[in-house]
Structures are given as structure tokens and as C-alpha cells.
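Participant: Input data-v3.cif, format and content: mmCIF, C-alpha atoms.
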```cif
data_coords
#
loop_
_atom_site.group_PDB
_atom_site.id
_atom_site.type_symbol
_atom_site.label_atom_id
_atom_site.label_comp_id
_atom_site.auth_asym_id
_atom_site.auth_seq_id
_atom_site.Cartn_x
_atom_site.Cartn_y
_atom_site.Cartn_z
ATOM 1 C CA PHE A 1 23.400 63.151 -82.832
ATOM 2 C CA ASN A 2 24.584 66.605 -81.789
ATOM 3 C CA ASN A 3 25.920 64.714 -78.754
ATOM 4 C CA LEU A 4 29.536 63.661 -79.358
ATOM 5 C CA LYS A 5 29.258 60.576 -77.157
ATOM 6 C CA VAL A 6 26.334 59.266 -79.209
ATOM 7 C CA ARG A 7 28.326 59.640 -82.430
ATOM 8 C CA GLN A 8 31.379 58.010 -80.894
ATOM 9 C CA ALA A 9 29.264 55.161 -79.519
ATOM 10 C CA ILE A 10 28.121 54.327 -83.043
ATOM 11 C CA ASN A 11 31.747 54.121 -84.149
ATOM 12 C CA TYR A 12 32.597 51.734 -81.320
ATOM 13 C CA ALA A 13 29.562 49.607 -82.191
ATOM 14 C CA MET A 14 30.814 48.531 -85.639
ATOM 15 C CA ASP A 15 32.967 45.461 -86.270
ATOM 16 C CA ARG A 16 34.349 46.812 -89.528
ATOM 17 C CA GLN A 17 36.799 44.025 -90.228
ATOM 18 C CA LEU A 18 34.161 41.314 -89.898
ATOM 19 C CA MET A 19 31.783 43.315 -92.088
ATOM 20 C CA ALA A 20 34.409 43.630 -94.816
ATOM 21 C CA GLU A 21 35.251 39.932 -94.680
ATOM 22 C CA GLN A 22 31.687 38.639 -94.563
ATOM 23 C CA ILE A 23 29.798 41.044 -96.821
ATOM 24 C CA ILE A 24 32.346 41.208 -99.644
ATOM 25 C CA PRO A 25 34.563 38.107 -99.204
ATOM 26 C CA GLY A 26 38.006 38.550 -100.691
ATOM 27 C CA LEU A 27 37.332 42.111 -101.837
ATOM 28 C CA GLY A 28 36.465 43.939 -98.620
ATOM 29 C CA TYR A 29 39.058 45.799 -96.578
ATOM 30 C CA VAL A 30 39.062 48.506 -93.926
ATOM 31 C CA GLU A 31 40.457 52.022 -94.103
ATOM 32 C CA PRO A 32 39.869 54.501 -91.291
ATOM 33 C CA TYR A 33 39.249 57.559 -93.474
ATOM 34 C CA ILE A 34 38.394 58.668 -97.006
ATOM 35 C CA LEU A 35 41.964 58.326 -98.255
ATOM 36 C CA GLY A 36 43.495 55.356 -100.026
ATOM 37 C CA ARG A 37 46.877 53.926 -99.122
ATOM 38 C CA ASN A 38 48.535 55.588 -102.113
ATOM 39 C CA ASP A 39 47.126 59.043 -101.386
ATOM 40 C CA LEU A 40 49.421 61.775 -100.095
ATOM 41 C CA GLY A 41 48.836 62.107 -96.376
ATOM 42 C CA TYR A 42 47.405 58.633 -95.831
ATOM 43 C CA SER A 43 47.416 57.554 -92.180
ATOM 44 C CA ASP A 44 46.191 54.466 -90.369
ATOM 45 C CA TYR A 45 45.143 56.582 -87.377
ATOM 46 C CA THR A 46 41.849 55.562 -85.823
ATOM 47 C CA PRO A 47 40.621 55.938 -82.243
ATOM 48 C CA TYR A 48 37.984 53.205 -82.623
ATOM 49 C CA THR A 49 37.964 49.476 -82.061
ATOM 50 C CA TYR A 50 34.962 47.168 -81.944
ATOM 51 C CA ASP A 51 33.828 47.647 -78.352
ATOM 52 C CA PRO A 52 30.025 47.361 -77.866
ATOM 53 C CA ALA A 53 30.358 47.473 -74.079
ATOM 54 C CA LYS A 54 32.099 50.844 -74.294
ATOM 55 C CA ALA A 55 29.485 52.017 -76.791
ATOM 56 C CA LYS A 56 26.697 51.160 -74.334
ATOM 57 C CA ARG A 57 28.478 53.035 -71.546
ATOM 58 C CA MET A 58 28.878 56.104 -73.745
ATOM 59 C CA LEU A 59 25.193 56.065 -74.679
ATOM 60 C CA LYS A 60 24.289 55.902 -71.000
ATOM 61 C CA GLU A 61 26.651 58.783 -70.206
ATOM 62 C CA ALA A 62 25.012 60.750 -73.017
ATOM 63 C CA GLY A 63 21.612 60.288 -71.367
ATOM 64 C CA TYR A 64 20.350 57.411 -73.488
ATOM 65 C CA GLY A 65 20.655 54.574 -71.022
ATOM 66 C CA ASN A 66 17.346 53.180 -72.273
ATOM 67 C CA GLY A 67 18.464 53.448 -75.888
ATOM 68 C CA LEU A 68 16.783 55.379 -78.671
ATOM 69 C CA ASN A 69 14.751 54.766 -81.813
ATOM 70 C CA VAL A 70 15.722 56.339 -85.143
ATOM 71 C CA GLY A 71 14.965 56.088 -88.836
ATOM 72 C CA PHE A 72 17.674 54.702 -91.124
ATOM 73 C CA MET A 73 17.393 55.595 -94.802
ATOM 74 C CA MET A 74 19.299 53.950 -97.618
ATOM 75 C CA ILE A 75 19.227 53.606 -101.405
ATOM 76 C CA ASN A 76 17.628 50.476 -102.840
ATOM 77 C CA ARG A 77 20.763 49.014 -104.439
ATOM 78 C CA GLU A 78 23.583 46.582 -103.861
ATOM 79 C CA PRO A 79 25.581 46.330 -101.714
ATOM 80 C CA ASP A 80 23.610 48.747 -99.531
ATOM 81 C CA ILE A 81 20.760 46.307 -99.009
ATOM 82 C CA GLN A 82 23.270 43.750 -97.709
ATOM 83 C CA ILE A 83 25.059 46.219 -95.456
ATOM 84 C CA ALA A 84 22.080 47.977 -93.858
ATOM 85 C CA PRO A 85 20.722 44.979 -91.870
ATOM 86 C CA VAL A 86 24.218 44.326 -90.514
ATOM 87 C CA VAL A 87 24.574 47.934 -89.383
ATOM 88 C CA GLN A 88 21.073 47.676 -87.923
ATOM 89 C CA SER A 89 22.040 44.638 -85.855
ATOM 90 C CA TYR A 90 25.221 46.264 -84.524
ATOM 91 C CA LEU A 91 23.264 49.347 -83.485
ATOM 92 C CA ALA A 92 20.562 47.237 -81.850
ATOM 93 C CA GLU A 93 23.255 45.527 -79.798
ATOM 94 C CA ILE A 94 24.051 48.829 -78.071
ATOM 95 C CA GLY A 95 20.420 49.946 -77.743
ATOM 96 C CA ILE A 96 19.870 52.029 -80.894
ATOM 97 C CA ILE A 97 16.801 50.611 -82.638
ATOM 98 C CA THR A 98 16.502 51.563 -86.304
ATOM 99 C CA THR A 99 13.706 51.380 -88.837
ATOM 100 C CA ILE A 100 15.187 50.885 -92.303
ATOM 101 C CA GLU A 101 13.679 52.976 -95.096
ATOM 102 C CA THR A 102 14.670 51.702 -98.547
ATOM 103 C CA LEU A 103 14.324 54.438 -101.172
ATOM 104 C CA ASP A 104 14.750 55.125 -104.846
ATOM 105 C CA ARG A 105 18.001 57.041 -105.317
ATOM 106 C CA LEU A 106 16.352 60.319 -106.405
ATOM 107 C CA ILE A 107 13.988 60.288 -103.428
ATOM 108 C CA TYR A 108 16.926 59.517 -101.128
ATOM 109 C CA VAL A 109 18.902 62.469 -102.526
ATOM 110 C CA ASP A 110 15.960 64.853 -102.098
ATOM 111 C CA LYS A 111 15.515 63.839 -98.453
ATOM 112 C CA ALA A 112 19.253 64.016 -97.837
ATOM 113 C CA LYS A 113 19.508 67.537 -99.239
ATOM 114 C CA THR A 114 16.832 68.811 -96.876
ATOM 115 C CA GLY A 115 18.119 66.908 -93.849
ATOM 116 C CA ASN A 116 14.853 64.994 -93.634
ATOM 117 C CA PHE A 117 16.301 61.877 -91.956
ATOM 118 C CA ASP A 118 17.852 60.581 -88.739
ATOM 119 C CA ILE A 119 20.743 58.498 -90.068
ATOM 120 C CA SER A 120 21.594 57.448 -93.592
ATOM 121 C CA MET A 121 24.057 55.289 -95.449
ATOM 122 C CA ALA A 122 25.874 56.150 -98.656
ATOM 123 C CA GLN A 123 28.914 55.122 -100.653
ATOM 124 C CA GLY A 124 31.698 57.120 -102.227
ATOM 125 C CA SER A 125 34.461 56.492 -104.716
ATOM 126 C CA LEU A 126 38.199 56.150 -104.106
ATOM 127 C CA PRO A 127 40.779 57.106 -105.136
ATOM 128 C CA GLN A 128 39.917 60.698 -105.882
ATOM 129 C CA PRO A 129 42.137 62.720 -108.236
ATOM 130 C CA VAL A 130 42.219 65.541 -105.654
ATOM 131 C CA PRO A 131 41.402 64.290 -102.126
ATOM 132 C CA LEU A 132 41.123 67.897 -100.917
ATOM 133 C CA LEU A 133 38.092 68.479 -103.165
ATOM 134 C CA PHE A 134 36.495 65.288 -101.882
ATOM 135 C CA MET A 135 36.972 66.412 -98.289
ATOM 136 C CA GLN A 136 35.569 69.847 -99.101
ATOM 137 C CA SER A 137 32.489 68.266 -100.637
ATOM 138 C CA GLN A 138 31.942 65.471 -98.117
ATOM 139 C CA LEU A 139 33.030 66.950 -94.796
ATOM 140 C CA ALA A 140 33.310 70.745 -94.848
ATOM 141 C CA SER A 141 30.507 72.570 -93.047
ATOM 142 C CA ASP A 142 29.278 74.003 -96.371
ATOM 143 C CA GLY A 143 30.040 70.851 -98.373
ATOM 144 C CA PRO A 144 27.238 69.885 -100.792
ATOM 145 C CA VAL A 145 27.482 66.215 -99.776
ATOM 146 C CA ASN A 146 27.867 66.840 -96.038
ATOM 147 C CA ARG A 147 24.405 65.371 -95.494
ATOM 148 C CA ALA A 148 24.837 65.139 -91.733
ATOM 149 C CA ALA A 149 25.517 68.904 -91.511
ATOM 150 C CA TRP A 150 28.608 68.143 -89.439
ATOM 151 C CA ASN A 151 30.222 71.432 -88.507
ATOM 152 C CA ASN A 152 33.725 71.672 -87.079
ATOM 153 C CA PRO A 153 35.350 75.121 -87.424
ATOM 154 C CA GLU A 154 38.860 73.774 -86.824
ATOM 155 C CA PHE A 155 38.374 71.246 -89.628
ATOM 156 C CA ASP A 156 37.219 74.014 -91.998
ATOM 157 C CA ARG A 157 40.261 76.120 -91.102
ATOM 158 C CA THR A 158 42.559 73.155 -91.670
ATOM 159 C CA LEU A 159 41.044 72.541 -95.107
ATOM 160 C CA SER A 160 41.641 76.198 -96.002
ATOM 161 C CA GLU A 161 45.278 75.889 -94.932
ATOM 162 C CA LEU A 162 45.618 72.657 -96.922
ATOM 163 C CA ALA A 163 44.231 74.332 -100.043
ATOM 164 C CA GLN A 164 47.008 76.932 -99.843
ATOM 165 C CA ALA A 165 49.880 74.664 -98.776
ATOM 166 C CA LEU A 166 52.558 74.149 -101.427
ATOM 167 C CA ASP A 167 55.089 72.119 -99.455
ATOM 168 C CA PRO A 168 54.349 68.347 -99.663
ATOM 169 C CA LYS A 169 55.352 67.800 -96.029
ATOM 170 C CA GLU A 170 52.915 70.477 -94.932
ATOM 171 C CA GLN A 171 50.215 68.943 -97.125
ATOM 172 C CA ILE A 172 50.779 65.585 -95.432
ATOM 173 C CA ARG A 173 50.675 67.136 -91.953
ATOM 174 C CA LEU A 174 47.452 69.020 -92.650
ATOM 175 C CA THR A 175 45.789 66.054 -94.351
ATOM 176 C CA GLN A 176 46.542 63.849 -91.364
ATOM 177 C CA LYS A 177 45.218 66.573 -89.080
ATOM 178 C CA THR A 178 41.895 66.526 -90.957
ATOM 179 C CA GLN A 179 41.685 62.792 -90.313
ATOM 180 C CA ARG A 180 42.235 63.198 -86.574
ATOM 181 C CA LEU A 181 39.632 65.953 -86.390
ATOM 182 C CA VAL A 182 36.981 63.998 -88.296
ATOM 183 C CA LEU A 183 37.501 60.747 -86.431
ATOM 184 C CA ASP A 184 37.873 62.237 -82.956
ATOM 185 C CA ASP A 185 34.705 64.274 -83.457
ATOM 186 C CA ALA A 186 32.966 61.324 -85.157
ATOM 187 C CA GLY A 187 31.777 63.543 -87.983
ATOM 188 C CA GLN A 188 30.805 60.472 -89.963
ATOM 189 C CA THR A 189 31.100 56.723 -89.419
ATOM 190 C CA PHE A 190 33.265 55.034 -92.035
ATOM 191 C CA LEU A 191 32.559 51.326 -92.474
ATOM 192 C CA PHE A 192 34.728 49.529 -95.023
ATOM 193 C CA ASN A 193 35.958 49.566 -98.607
ATOM 194 C CA ALA A 194 35.355 47.243 -101.543
ATOM 195 C CA ALA A 195 38.060 46.706 -104.127
ATOM 196 C CA ASN A 196 37.124 46.875 -107.806
ATOM 197 C CA TYR A 197 38.810 44.779 -110.460
ATOM 198 C CA ASP A 198 38.731 44.916 -114.258
ATOM 199 C CA GLY A 199 39.470 42.033 -116.592
ATOM 200 C CA MET A 200 40.509 42.480 -120.197
ATOM 201 C CA SER A 201 41.806 40.471 -123.106
ATOM 202 C CA THR A 202 45.541 40.348 -123.749
ATOM 203 C CA LYS A 203 44.664 41.436 -127.293
ATOM 204 C CA LEU A 204 43.381 44.786 -126.043
ATOM 205 C CA ARG A 205 45.743 47.732 -126.454
ATOM 206 C CA GLY A 206 45.662 51.424 -125.645
ATOM 207 C CA LEU A 207 43.115 51.319 -122.813
ATOM 208 C CA GLN A 208 43.326 54.452 -120.656
ATOM 209 C CA TYR A 209 41.804 55.118 -117.250
ATOM 210 C CA GLN A 210 40.792 58.445 -115.770
ATOM 211 C CA HIS A 211 41.972 57.648 -112.265
ATOM 212 C CA GLU A 212 38.874 59.050 -110.596
ATOM 213 C CA GLY A 213 37.681 55.950 -108.783
ATOM 214 C CA ALA A 214 34.466 54.125 -109.588
ATOM 215 C CA TRP A 215 31.013 53.998 -108.045
#
```
As C-alpha cells, what does this structure read like?

Facilitator:
Amino acid sequence: FNNLKVRQAINYAMDRQLMAEQIIPGLGYVEPYILGRNDLGYSDYTPYTYDPAKAKRMLKEAGYGNGLNVGFMMINREPDIQIAPVVQSYLAEIGIITTIETLDRLIYVDKAKTGNFDISMAQGSLPQPVPLLFMQSQLASDGPVNRAAWNNPEFDRTLSELAQALDPKEQIRLTQKTQRLVLDDAGQTFLFNAANYDGMSTKLRGLQYQHEGAW
């Protein structure tokens, strides 16, 4: 997965819209990046469409014309156990054969911290109160949740500039630049989002939310 074409092939292999519609009917939707539509700097930029034929060509160009076999670890929870077999089937379609390893969350975290895996699946929470901090944690080369150890110096520099930018227009420009860098370099593969809803009685008053998203 140090080969860019392999990472990009995985992105072309996923039919995100169908996954969102079928796995979480009525609640699933697709965003290209780890920003919500109301976040400053949101962009719909994505270089990927569902194109398994292109994914196969890219794997062949990367030297994996006969495919490859990898482990695929995940946490034993919903909706992960619904999503993983679907991802597995999309990868198999382009020649990447995976063996799913279903783990207790603590065991998963221990293996993730040490990099003791081939590919893994996780979920995050949106919206974040400060998207910059989420990007620093999830995607920066020294980010504690950058399990894939993705390292892109230009992305790190852009995050540093974003952290110091005071002008909103500059913040938007730099945030959108981070999105282009992550997606073009296929630092991670983003699948789809699931909306959360809360119901409450009309008699309830004074309920406050800490707008920090929800797991």
C-alpha cells in the first residue's frame, strides 16, 4: 500500500452511493472527505467514481496483475459487520482477496497502534467542533489515529498553515487544499456517512447538545 496506484485502485473499486443506500436505507449518504456540509471549507471535490475496470488496470500497472491477498481487520460491532463483507466483495471484484478478522475493540486498537495489520476499517464522528484538530489526529503524519501511517509532507505543511490562518477565506482555501491532497494521494478510503436522529417529547425543555458529533 506504499504504491499510490494500489491505494487509488481501492478508491475506484467502491460504489459508495449504493453502499449508503443499501446498508443504511434512508440514513446513508456520501461525503468525499471528513467534513460535513456545514463545516467551513467544505467541498464536494472527489477524483473517484465507481470504476472497477479502471481499478483493475491500476492494479496491473502497479505490478499486481494477478491480484493480492491481505488481512482485513475490523471491530466486532454494528454497522461494521454489515459493511465489511460488502467492502470485501468490491475488493474481490478487482482482484484483492481479503480475510476478515473480527476483533474486540481493545484488541483492534492495540493492533492498530502497532501497525500490525494490512487494512482496517473504522468509523469517526461528524461534525467535529474543530475540524482542524480532527485532521491533525486522523491524517497528519504524527497523528495518533493515523493508523495507516500515511505521510504526506505537503499535507503536514498545509495543516500548519491552516492552524495559523486567521482570515476565513484563507482557512477555506487551505482546508480545501487538504482535501485535494488527501484524496489525490489516497491517504485513506472514505466510504459513506450515516445520519443520526434524536426523538424527544414536546414536554421536554432545556435540552442542550455539545455539538461534537456522535459515535

Participant: So the first atom is CA of Val145 in chain A and the second is CA of Tyr108 in chain A; what is the distance between them in Å, to one decimal place?

Facilitator: 12.6 Å

Participant: Given the choices A:Tyr45, A:Tyr64, A:Phe1, A:Tyr50, which gets closest to Asp184 in chain A if the distance is worked out from only C-alpha atoms?

Facilitator: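 Checking each of A:Tyr45, A:Tyr64, A:Phe1, A:Tyr50 against Asp184 in chain A, counting only C-alpha atoms, the winner is A:Tyr45.
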
Participant: Could you expand the PyMOL selection byres ((chain A and resi 135) around 12) into the explicit residues it covers here, written as a VMD selection string?

Facilitator: chain A and resid 33 to 35 124 126 128 to 134 136 to 146 155 to 156 158 to 160 162 to 163 175 178 to 179 182 187 to 188

Participant: Please report the interatomic distance between CA of Ala148 in chain A and CA of Met73 in chain A in Å with one decimal.

Facilitator: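 For CA of Ala148 in chain A relative to CA of Met73 in chain A, the distance reads 12.5 Å.
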
Participant: Return the single residue from A:Ile83, A:Gln176, A:Asn11, A:Val6 that is closest to Gly67 in chain A, with distances computed using all atoms listed in the file.

Facilitator: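 Closest residue, counting all atoms listed in the file: A:Val6.
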
Participant: Apply the PyMOL selection byres ((chain A and resi 192) around 12) to the structure shown and report the selected residues as a short mmCIF file (atom, residue, chain, number, x, y, z; two decimals) with C-alpha atoms, in the coordinates of the input.

Facilitator:
```cif
data_model
loop_
_atom_site.label_atom_id
_atom_site.label_comp_id
_atom_site.auth_asym_id
_atom_site.auth_seq_id
_atom_site.Cartn_x
_atom_site.Cartn_y
_atom_site.Cartn_z
CA MET A 14 30.81 48.53 -85.64
CA ASP A 15 32.97 45.46 -86.27
CA ARG A 16 34.35 46.81 -89.53
CA GLN A 17 36.80 44.02 -90.23
CA LEU A 18 34.16 41.31 -89.90
CA MET A 19 31.78 43.32 -92.09
CA ALA A 20 34.41 43.63 -94.82
CA GLU A 21 35.25 39.93 -94.68
CA GLN A 22 31.69 38.64 -94.56
CA ILE A 23 29.80 41.04 -96.82
CA ILE A 24 32.35 41.21 -99.64
CA LEU A 27 37.33 42.11 -101.84
CA GLY A 28 36.47 43.94 -98.62
CA TYR A 29 39.06 45.80 -96.58
CA VAL A 30 39.06 48.51 -93.93
CA GLU A 31 40.46 52.02 -94.10
CA PRO A 32 39.87 54.50 -91.29
CA TYR A 33 39.25 57.56 -93.47
CA ILE A 34 38.39 58.67 -97.01
CA LEU A 35 41.96 58.33 -98.26
CA GLY A 36 43.50 55.36 -100.03
CA PRO A 79 25.58 46.33 -101.71
CA ILE A 83 25.06 46.22 -95.46
CA VAL A 87 24.57 47.93 -89.38
CA ALA A 122 25.87 56.15 -98.66
CA GLN A 123 28.91 55.12 -100.65
CA GLY A 124 31.70 57.12 -102.23
CA SER A 125 34.46 56.49 -104.72
CA LEU A 126 38.20 56.15 -104.11
CA THR A 189 31.10 56.72 -89.42
CA PHE A 190 33.26 55.03 -92.04
CA LEU A 191 32.56 51.33 -92.47
CA ASN A 193 35.96 49.57 -98.61
CA ALA A 194 35.35 47.24 -101.54
CA ALA A 195 38.06 46.71 -104.13
#
```

Participant: When you count all atoms listed in the file, which of these residues is closest to Glu61 in chain A: A:Leu166, A:Leu103, A:Val109, A:Leu4?

Facilitator: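 With all atoms listed in the file as the atom set, the closest residue is A:Leu4.
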
Participant: Would you pick out the contacts of Ile75 in chain A at 12 Å or less, using only C-alpha atoms, so that residues sharing its chain but fewer than 2 positions from it are not included, and give the list as a ChimeraX atom specification?

Facilitator: /A:72-73,77-84,100-112,120-123

Participant: Go ahead and write the residues just picked, C-alpha atoms, as a PDB file, in the frame of the given file.

Facilitator:
```pdb
ATOM      1  CA  PHE A  72      17.674  54.702 -91.124  1.00  0.00           C
ATOM      2  CA  MET A  73      17.393  55.595 -94.802  1.00  0.00           C
ATOM      3  CA  ARG A  77      20.763  49.014-104.439  1.00  0.00           C
ATOM      4  CA  GLU A  78      23.583  46.582-103.861  1.00  0.00           C
ATOM      5  CA  PRO A  79      25.581  46.330-101.714  1.00  0.00           C
ATOM      6  CA  ASP A  80      23.610  48.747 -99.531  1.00  0.00           C
ATOM      7  CA  ILE A  81      20.760  46.307 -99.009  1.00  0.00           C
ATOM      8  CA  GLN A  82      23.270  43.750 -97.709  1.00  0.00           C
ATOM      9  CA  ILE A  83      25.059  46.219 -95.456  1.00  0.00           C
ATOM     10  CA  ALA A  84      22.080  47.977 -93.858  1.00  0.00           C
ATOM     11  CA  ILE A 100      15.187  50.885 -92.303  1.00  0.00           C
ATOM     12  CA  GLU A 101      13.679  52.976 -95.096  1.00  0.00           C
ATOM     13  CA  THR A 102      14.670  51.702 -98.547  1.00  0.00           C
ATOM     14  CA  LEU A 103      14.324  54.438-101.172  1.00  0.00           C
ATOM     15  CA  ASP A 104      14.750  55.125-104.846  1.00  0.00           C
ATOM     16  CA  ARG A 105      18.001  57.041-105.317  1.00  0.00           C
ATOM     17  CA  LEU A 106      16.352  60.319-106.405  1.00  0.00           C
ATOM     18  CA  ILE A 107      13.988  60.288-103.428  1.00  0.00           C
ATOM     19  CA  TYR A 108      16.926  59.517-101.128  1.00  0.00           C
ATOM     20  CA  VAL A 109      18.902  62.469-102.526  1.00  0.00           C
ATOM     21  CA  ASP A 110      15.960  64.853-102.098  1.00  0.00           C
ATOM     22  CA  LYS A 111      15.515  63.839 -98.453  1.00  0.00           C
ATOM     23  CA  ALA A 112      19.253  64.016 -97.837  1.00  0.00           C
ATOM     24  CA  SER A 120      21.594  57.448 -93.592  1.00  0.00           C
ATOM     25  CA  MET A 121      24.057  55.289 -95.449  1.00  0.00           C
ATOM     26  CA  ALA A 122      25.874  56.150 -98.656  1.00  0.00           C
ATOM     27  CA  GLN A 123      28.914  55.122-100.653  1.00  0.00           C
TER      28      GLN A 123
END
```

Participant: Residues at most 9 Å from Gly95 in chain A, counting only C-alpha atoms, excluding those fewer than 4 positions away in the same chain, as a list of chain:residue names?

Facilitator: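 Result of the neighbour search: A:Lys56, A:Leu59, A:Tyr64, A:Gly65, A:Asn66, A:Gly67, A:Leu68, A:Asn69, A:Leu91.
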
Participant: Can you work out the spacing between CA of Ser43 in chain A and CA of Leu174 in chain A in Å, to one decimal?

Facilitator: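 That distance, rounded to one decimal, is 11.5 Å.
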
Participant: Return as number ranges by chain the set of residues that the PyMOL selection byres ((chain A and resi 46) around 8) yields on the displayed structure.

Facilitator: A: 32, 44-45, 47-48, 180, 183

Participant: Kindly indicate which residue among A:Asn152, A:Arg57, A:Pro127, A:Asp198 lies nearest to Asn38 in chain A, using all atoms listed in the file for the distances.

Facilitator: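 Closest to Asn38 in chain A, using all atoms listed in the file: A:Pro127.
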
Participant: A:Ser89, A:Pro25, A:Ile94, A:Phe117: which is nearest Lys54 in chain A, counting only C-alpha atoms?

Facilitator: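 Among A:Ser89, A:Pro25, A:Ile94, A:Phe117, it is A:Ile94 that comes nearest to Lys54 in chain A.
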
Participant: Can you list, as a ChimeraX atom specification, every protein, DNA or RNA residue that comes within 7 Å of Tyr12 in chain A when you count all atoms listed in the file, leaving out same-chain residues fewer than 4 positions away?

Facilitator: /A:8,48-52,55

Participant: I'd like the box whose edges run along x, y and z of the file and which contains every listed atom of range 20-33 of chain A, padded by 5 Å per side; could you state its centre and edge lengths in Å, one decimal, as JSON?

Facilitator:
```
{"center_x": 35.1, "center_y": 47.8, "center_z": -96.6, "size_x": 20.7, "size_y": 29.5, "size_z": 20.5}
```
